[in-house]
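Colleague: My questions all concern the structure below.
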2 protein chains.
Amino acid sequence: MDPATVWQKIESEIILLEHLIELLGWDQETYMPAAAVTERAEQGAYLQGRLHRLWTSDETRNLIESQTDNGDPIHDARLRLFRRELKRRVCLPQELVERKARLVVQAQAAWAQARKESRFALFLPHLRELVDIARTTSQLLGWEDHPYTALLDEYEPGATTSELDRLFPLLAAGINQFLERHPGALSLDNQILKRRWRKADLAELNHFVLRSMGFDLQRGRLDETTHPFCTTLGADDIRLTTRYDLNFLPTSLYGTIHEMGHGLYEQGFGKEIQGTILARGTSLGIHESQSRFWENMIARSPEWVSWFTPHLSRLSHHVVSLTEGKDLALAVNKVERSLIRVEADEVTYSLHIILRYGLEKDLLSATLAPENVPEAWNHASQELLGITPGNDAEGCLQDIHWSMGGLGYFPTYALGNLYAAQFRQAMKRDLPLQDLVARGEFQPVLDWLRNSVHRWGSVLSARELVRQATGQELGVQPFLDYLDEKYQALGV
Amino acid sequence: MDPATVWQKIESEIILLEHLIELLGWDQETYMPAAAVTERAEQGAYLQGRLHRLWTSDETRNLIESQTDNGDPIHDARLRLFRRELKRRVCLPQELVERKARLVVQAQAAWAQARKESRFALFLPHLRELVDIARTTSQLLGWEDHPYTALLDEYEPGATTSELDRLFPLLAAGINQFLERHPGALSLDNQILKRRWRKADLAELNHFVLRSMGFDLQRGRLDETTHPFCTTLGADDIRLTTRYDLNFLPTSLYGTIHEMGHGLYEQGFGKEIQGTILARGTSLGIHESQSRFWENMIARSPEWVSWFTPHLSRLSHHVVSLTEGKDLALAVNKVERSLIRVEADEVTYSLHIILRYGLEKDLLSATLAPENVPEAWNHASQELLGITPGNDAEGCLQDIHWSMGGLGYFPTYALGNLYAAQFRQAMKRDLPLQDLVARGEFQPVLDWLRNSVHRWGSVLSARELVRQATGQELGVQPFLDYLDEKYQALGV
């Protein structure tokens with residue numbers, strides 16, 4: 001077989017195995033009987049093992065070593081992705097990978113208990129080892145500006161600590177200035193969201209929204225899980241999940257729209273990259289930009305709420321009346337200096353991320369010792385959010401990410417906000433965005449994203465994609481301008 | 001590695017791959033988005049390919065060739081199953097297997113169209129080729145008494161054409177004598193089943209029945225599909241499906257109980273064979289005996305219906321009243337000389353099978369040409385069932401099995417009835433069956449089956465299992481006696 005054919009064969013098998021692994025995970029979270037969990041872990045390990053052997057086989061390594069850039073953007077991008085993944089799989093010794101895999105199982109259990117009892121000491125030994133593994137990983141993978149960059153790169157290829165060190169202080173300052181300019185945003189009433197909702201109505205609403213906004217239900221579906229997610233089981237099989245809180249409308253509604261944003265990206269990869277490793281999000285930050293764009297910039301806009309209110313009234317059997325659109329628009333934009341990241345509004349959300357980023361970076365450079373995390377967290381919380389946790393459960397123990405070994409992941413959430421706002425600004429140069437949304441015409445909006453973002457998959461890096469789609473380097477101003485614009489429109 | 005370890009490693013991988021293949025199938029029938037079907041076919045083919053390469057690898061073949069019986073029943077039974085499967089995989093050339101795989105896709109489409117138009121000619125060319133492949137397969141696998149035995153053996157290991165030639169005429173005669181003795185069975189009223197049922201109530205009823213009768217919902221679940229089935233995704237992951245007809249109670253209720261019978265068997269394999277290839281049904285006939293036992297011999301008994309009626313009344317919100325138990329017991333036992341196998345009652349069901357058996361056998365021995373199937377079918381239908389189809393759609397085109405290449409499968413359905421009745425007869429020597437059922441005490445019944453049937457998995461052949469559990473060779477008398485006993489109790 002010629003190298004191109006061998007490459008395609010390996011690539012197809014990698015993608016197929018990844019999709020099978022996602023099916024196992026989706027089934028586990030949705031419908032799998034409880035007692036099947038042990039076998040499911042074995043099934044997952046088997047497929048992960050096959051995938052790893054395929055990646056690190058002589059055939060794959062020789063093939064990738066024999067390839068050089070040839071100027072064809074698809075060829076070169078594939079080669080970049082293959083080299084990147086191979087490097088990770090080859091640089092990190094099997095012993096380290098297995099040590100981490102074992103550790104995170106224990107660490108998650110310890111974290112859950114520690115959070116329950118609000119006792120950081122229970123989690124501390126695991127955090128020490130997780131930081132140790134992260135530092136070793138960083139050394140093995142290498143970095144230029146800061147050891148944290150090596151971790152960040154796993155989730156946000158090409159992003160650097162230096163870049164975040166430049167962007168995040170500007171973002172934090174901008175958000176705090178926004179809050180000073182718009183004090184009314186902090187005193188909005190969201191009681192309208194806390195009425196009693198019927199589950200069947202909420203499910204119908206979710207499907208109505210998915211259909212209206214362009215998610216292809218022939219190529220995807222929506223189910224219910226404890227923690228919502230979007231997963232790709234095939235190019236034509238993109239599955240979303242949501243969670244229902246019958247006393248709070250946004251949990252399922254905005255949760256669904258958030259995951260739909262991820263799903264629209266996954267459904268929008270170009271025909272020319274289908275079946276290749278390029279048919280995936282180019283970074284977690286870009287992925288998050290798509291979910292945040294639809295959730296916050298579209299579905300929390302006054303125009304969207306005004307379009308949506310009659311549908312909500314009808315499909316909820318009048319839990320909300322036709323005349324309550326304005327109340328609803330204010331309610332879904334309530335801002336609060338709060339402690340819990342996953343409940344944070346879109347304005348203060350990034351502050352939660354910047355807090356975590358600072359601690360993670362200092363843990364990596366060993367300027368912060370794991371035992372001092374609670375103190376450092378509380379200090380940073382007061383500094384950034386103006387509020388100090390009453391205990392570690394609502395402070396440094398609130399998130400699962402560290403216990404899963406996910407140091408380096410958090411910044412992608414804040415980058416998602418920045419990317420989304422910058423795409424929105426560029427889109428508004430081409431489209432009468434607000435008018436379209438007010439009329440419920442989402443297809444031109446989706447088409448713009450398809451063309452400027454989705455179709456490219458991983459052909460372009462996040463940085464290249466932003467530059468091509470917006471004509472500018474990534475900055476914080478579009479996000480800050482967007483916030484001002486929205487809250488002015490809301491009159492607060 | 002020593003041979004025992006190698007064997008265990010191969011066996012574990014075979015089982016894991018089989019479970020993954022079942023997950024793909026389950027997901028496809030239950031929740032998979034429509035457009036994902038092409039990729040799903042590739043995913044299935046990939047796993048089937050891996051399974052085939054594993055079976056036919058030098059490692060597996062050398063291992064099995066090096067093994068000999070050692071008197072340990074588990075070792076010897078595993079060896080028997082490995083030899084059997086290896087023989088099938090090695091004797092049948094890849095070219096034939098692929099030819100059949102391609103053919104059945106076309107044949108199913110042609111059959112569906114032929115049935116729709118009731119035009120046998122559309123299906124005839126495919127039937128010719130399917131019979132040709134079946135004859136070749138039979139020759140390659142070898143047989144002693146009749147070429148049909150080689151096909152039968154795939155589904156009912158150890159069964160022979162000679163044995164069926166002895167049993168089936170006795171069964172047909174016995175059933176027809178039964179019908180002469182109990183003419184009232186043919187004029188029962190089943191209008192009570194045709195009231196309007198609510199889907200949520202039917203689903204609740206199904207789960208009530210599953211819990212009451214001992215199906216472990218921690219190790220399994222129930223979903224909805226067009227064609228009900230039971231599938232095993234792991235030792236602790238047995239999934240049932242059912243179908244809802246809101247105008248006919250038995251469709252979902254008895255459909256669920258039928259699949260539950262299969263599921264109880266799969267949930268009941270002994271600890272000592274878990275993780276081995278022996279943790280599976282020893283034959284399709286024995287499997288079917290378990291579904292028929294619970295569906296017909298338990299849940300259509302007057303005692304069960306009398307226990308069930310108050311629950312039905314409550315859970316259906318009084319679609320059926322507390323006083324209608326007797327009507328219900330008669331209704332679910334209505335007998336009819338009808339044309340369609342899948343709608344047949346338990347008395348006449350086997351006649352439909354005997355009809356197909358005769359034709360299949362003659363097709364294999366070439367004493368019946370495929371083009372003469374409609375004529376032969378109609379003749380046999382009149383002979384056995386006393387009724388002639390008005391067209392081929394309700395005659396020889398009614399079943400999907402031939403178009404799937406499943407010649408040799410049908411007899412297992414009738415054997416299931418015979419096995420079930422023989423187990424029931426033996427059980428009654430140990431337990432006050434009817435008293436237990438009348439009180440809703442199903443655990444002793446399940447325990448008897450666990451101990452006498454389920455736990456053995458494939459350690460014993462169907463024949464050995466029947467002999468051990470009942471002390472007798474398989475016969476037709478227990479089934480005929482059971483029918484007489486039930487209809488006498490019903491007073492018809």
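The way I read the labels, and the way they are meant: chains A, B, ... in the order of the structure tokens, residue 1 as the first residue of every chain, and ligand 1 as the first ligand shown, with later ones counted on from there.
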Quick one: everything within 8 Å of His126 of chain A, counting only C-alpha atoms, minus sequence neighbours fewer than 4 positions away in the same chain. Send it as a PyMOL selection string.
Modeller: chain A and resi 103+106-107+110+130+403
Colleague: How would the residues just picked look written out with N, CA and C atoms as a compact mmCIF listing (two decimals), in the first residue's frame?
Modeller:
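File written: part_16.txt
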```txt
# COMPACT_ATOMS: atom_id res chain seq x y z
N LEU A 103 -4.56 6.99 39.82
CA LEU A 103 -4.70 8.06 40.80
C LEU A 103 -6.04 8.79 40.67
N GLN A 106 -8.98 7.22 42.49
CA GLN A 106 -8.95 7.47 43.94
C GLN A 106 -9.18 8.94 44.24
N ALA A 107 -8.56 9.80 43.46
CA ALA A 107 -8.63 11.25 43.72
C ALA A 107 -10.07 11.75 43.60
N ALA A 110 -11.89 10.69 46.70
CA ALA A 110 -11.44 11.50 47.83
C ALA A 110 -11.99 12.92 47.72
N LEU A 130 -1.21 14.74 42.16
CA LEU A 130 -1.68 15.21 40.85
C LEU A 130 -0.80 16.36 40.33
N SER A 403 -9.36 16.81 40.41
CA SER A 403 -9.37 15.39 40.80
C SER A 403 -9.33 14.48 39.58
```
Colleague: Give one line per residue of chain B that approaches chain A to at most 10 Å, naming the two atoms of the closest pair and their distance in Å to one decimal, counting only C-alpha atoms; sort by chain then ascending residue number and deliver it as CSV.
Modeller:
```
residue,atom,partner,partner_atom,distance
B:Glu13,CA,A:Tyr46,CA,8.6
B:Leu16,CA,A:Gln43,CA,6.6
B:Leu17,CA,A:Gln43,CA,8.5
B:His19,CA,A:Gln43,CA,8.7
B:Leu20,CA,A:Gln43,CA,7.7
B:Leu23,CA,A:Leu24,CA,8.4
B:Leu24,CA,A:Leu23,CA,8.4
B:Asp27,CA,A:Asp27,CA,8.5
B:Tyr31,CA,A:Arg221,CA,8.2
B:Met32,CA,A:Asp237,CA,7.5
B:Pro33,CA,A:Gln218,CA,5.4
B:Ala34,CA,A:Gln218,CA,5.4
B:Ala35,CA,A:Arg219,CA,5.3
B:Ala36,CA,A:Asp236,CA,5.0
B:Val37,CA,A:Asp236,CA,8.5
B:Thr38,CA,A:Asp236,CA,8.9
B:Glu39,CA,A:Gly234,CA,6.6
B:Arg40,CA,A:Gly234,CA,8.1
B:Glu42,CA,A:Leu16,CA,8.5
B:Gln43,CA,A:Leu16,CA,6.6
B:Tyr46,CA,A:Leu16,CA,8.5
B:Leu47,CA,A:Leu17,CA,9.9
B:Asp216,CA,A:Pro33,CA,9.7
B:Leu217,CA,A:Pro33,CA,7.1
B:Gln218,CA,A:Pro33,CA,5.4
B:Arg219,CA,A:Ala35,CA,5.3
B:Gly220,CA,A:Pro33,CA,5.4
B:Arg221,CA,A:Pro33,CA,6.5
B:Leu222,CA,A:Tyr31,CA,9.9
B:Asp223,CA,A:Tyr31,CA,9.5
B:Leu233,CA,A:Ala36,CA,8.7
B:Gly234,CA,A:Glu39,CA,6.6
B:Ala235,CA,A:Ala36,CA,7.7
B:Asp236,CA,A:Ala36,CA,5.0
B:Asp237,CA,A:Ala36,CA,5.4
B:Ile238,CA,A:Pro33,CA,8.4
B:Arg239,CA,A:Pro33,CA,8.8
```
Colleague: For the selection just defined, write its residues with C-alpha atoms to a file, as a tab-separated table (two decimals), in the first residue's frame.
Modeller:
```tsv
chain	number	residue	atom	x	y	z
B	13	GLU	CA	-11.54	-10.77	24.18
B	16	LEU	CA	-15.89	-8.45	25.10
B	17	LEU	CA	-16.11	-8.03	21.32
B	19	HIS	CA	-20.81	-7.54	23.92
B	20	LEU	CA	-19.61	-4.47	22.03
B	23	LEU	CA	-24.27	-2.66	22.19
B	24	LEU	CA	-24.01	-1.32	18.62
B	27	ASP	CA	-28.30	1.36	20.27
B	31	TYR	CA	-31.93	5.49	20.18
B	32	MET	CA	-29.49	5.94	17.28
B	33	PRO	CA	-30.27	8.91	15.01
B	34	ALA	CA	-31.49	7.81	11.59
B	35	ALA	CA	-28.61	9.28	9.59
B	36	ALA	CA	-25.99	7.38	11.58
B	37	VAL	CA	-26.86	4.04	9.97
B	38	THR	CA	-24.02	3.99	7.43
B	39	GLU	CA	-21.30	4.63	9.99
B	40	ARG	CA	-22.91	2.16	12.37
B	42	GLU	CA	-18.92	0.23	9.38
B	43	GLN	CA	-18.47	0.11	13.15
B	46	TYR	CA	-14.97	-3.48	12.09
B	47	LEU	CA	-15.77	-5.35	15.30
B	216	ASP	CA	-33.06	-7.67	38.05
B	217	LEU	CA	-33.39	-4.09	36.86
B	218	GLN	CA	-29.99	-3.24	38.37
B	219	ARG	CA	-28.57	-5.64	35.79
B	220	GLY	CA	-30.88	-4.85	32.93
B	221	ARG	CA	-33.51	-2.56	31.52
B	222	LEU	CA	-36.52	-2.32	29.21
B	223	ASP	CA	-36.80	-0.04	26.17
B	233	LEU	CA	-24.20	-6.36	26.59
B	234	GLY	CA	-22.42	-7.84	29.60
B	235	ALA	CA	-22.96	-10.40	32.36
B	236	ASP	CA	-24.62	-7.61	34.33
B	237	ASP	CA	-26.23	-5.83	31.41
B	238	ILE	CA	-29.21	-7.66	29.91
B	239	ARG	CA	-31.51	-5.43	27.90
```
Colleague: What lies within 12 Å of Pro250 of chain B using only C-alpha atoms, ignoring chain neighbours under 5 positions off, as a ChimeraX atom specification?
Modeller: /B:190-195,197,202,205-206,242-245,255-258,295-296,299-300,328-329,331-334,343,345
Colleague: Just list the residues in segment 70-174 of chain B DSSP gives helix (DSSP H, G or I) on the backbone, as a PyMOL selection string.
Modeller: chain B and resi 73-91+94-117+120-141+147-155+161-174
Colleague: With distances taken over only C-alpha atoms, which residue among A:Ser313, A:Gln28, A:Gln425, A:Asn372 lies nearest Asp481 of chain A?
Modeller: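 Of A:Ser313, A:Gln28, A:Gln425, A:Asn372, the one nearest Asp481 of chain A, counting only C-alpha atoms, is A:Gln425.
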Colleague: In Å to one decimal, how far is atom CA of Asp201 of chain B from atom CA of Thr231 of chain B?
Modeller: 24.5 Å
Colleague: To one decimal place in Å, what is the distance between atom CA of Leu364 of chain A and atom CA of Leu124 of chain A?
Modeller: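 If I compute the distance from atom CA of Leu364 of chain A to atom CA of Leu124 of chain A, I get 15.4 Å.
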Colleague: Give me the residues near Met427 of chain A as a ChimeraX atom specification, where near means some atom within 8 Å (using only C-alpha atoms) and where sequence neighbours in that chain fewer than 4 positions away do not count.
Modeller: /A:423,431,433,445,448
Colleague: Could you name the residues that touch Ala112 of chain A at 12 Å or less, counting only C-alpha atoms, but leaving out those on the same chain fewer than 6 positions away, as a PyMOL selection string?
Modeller: chain A and resi 104-106+118-120+122-123+393+397-404
Colleague: How would the residues just picked look written out with C-alpha atoms as a PDB file, in the first residue's frame?
Modeller:
```
ATOM      1  CA  VAL A 104      -7.650   9.912  39.302  1.00  0.00           C
ATOM      2  CA  VAL A 105     -10.037   7.121  40.305  1.00  0.00           C
ATOM      3  CA  GLN A 106      -8.948   7.468  43.940  1.00  0.00           C
ATOM      4  CA  SER A 118     -15.722  20.435  53.361  1.00  0.00           C
ATOM      5  CA  ARG A 119     -12.387  18.975  54.539  1.00  0.00           C
ATOM      6  CA  PHE A 120      -9.543  19.941  52.241  1.00  0.00           C
ATOM      7  CA  LEU A 122      -8.883  14.613  52.675  1.00  0.00           C
ATOM      8  CA  PHE A 123      -8.058  15.750  49.155  1.00  0.00           C
ATOM      9  CA  ALA A 393     -16.731  23.097  49.738  1.00  0.00           C
ATOM     10  CA  LEU A 397     -13.198  21.999  46.530  1.00  0.00           C
ATOM     11  CA  GLN A 398     -16.135  22.996  44.320  1.00  0.00           C
ATOM     12  CA  ASP A 399     -14.841  21.690  40.965  1.00  0.00           C
ATOM     13  CA  ILE A 400     -14.143  18.123  39.877  1.00  0.00           C
ATOM     14  CA  HIS A 401     -11.460  19.080  37.322  1.00  0.00           C
ATOM     15  CA  TRP A 402      -8.320  18.786  39.453  1.00  0.00           C
ATOM     16  CA  SER A 403      -9.370  15.388  40.800  1.00  0.00           C
ATOM     17  CA  MET A 404      -9.627  14.236  37.172  1.00  0.00           C
TER      18      MET A 404
END
```
Colleague: Have a look at atom CA of Ser289 of chain A and atom CA of Ala420 of chain A and let me know their distance in Å, one decimal.
Modeller: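 That distance, rounded to one decimal, is 4.5 Å.
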Colleague: List every residue of segment 331-366 of chain B that has an atom at most 8 Å from any atom of segment 156-173 of chain B, giving for each one its closest atom pair and the distance in Å to one decimal, counting only C-alpha atoms, sorted by chain and then by ascending residue number, as CSV.
Modeller:
```
residue,atom,partner,partner_atom,distance
B:Ser350,CA,B:Ala172,CA,7.6
B:Leu351,CA,B:Ala172,CA,6.1
B:Ile354,CA,B:Phe168,CA,6.5
```
Colleague: Would you mind listing what lies within 10 Å of Phe308 of chain B as a PDB file with C-alpha atoms, in the first residue's frame, with only C-alpha atoms counted and same-chain residues fewer than 5 positions away left out?
Modeller:
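File written: part_38.pdb
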```pdb
ATOM      1  CA  VAL B 209     -44.320  -7.353  36.093  1.00  0.00           C
ATOM      2  CA  ALA B 299     -48.522 -15.557  32.597  1.00  0.00           C
ATOM      3  CA  PRO B 302     -55.635 -18.837  35.152  1.00  0.00           C
ATOM      4  CA  GLU B 303     -53.731 -18.541  38.461  1.00  0.00           C
ATOM      5  CA  SER B 313     -56.989  -2.790  37.352  1.00  0.00           C
ATOM      6  CA  LEU B 322     -61.479  -6.178  39.607  1.00  0.00           C
ATOM      7  CA  GLY B 325     -60.319 -11.788  35.980  1.00  0.00           C
ATOM      8  CA  LEU B 328     -59.221 -11.962  31.031  1.00  0.00           C
ATOM      9  CA  VAL B 437     -48.349 -18.476  41.009  1.00  0.00           C
ATOM     10  CA  ALA B 438     -51.809 -17.787  42.423  1.00  0.00           C
ATOM     11  CA  ARG B 439     -50.119 -16.096  45.386  1.00  0.00           C
ATOM     12  CA  GLY B 440     -47.676 -14.180  43.200  1.00  0.00           C
TER      13      GLY B 440
END
```
Colleague: Using only C-alpha atoms, can you tell me which of A:Arg463, A:Ala77, A:Leu490, A:Leu86 comes closest to His52 of chain A?
Modeller: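 Ranking A:Arg463, A:Ala77, A:Leu490, A:Leu86 by distance to His52 of chain A, first place goes to A:Leu86.
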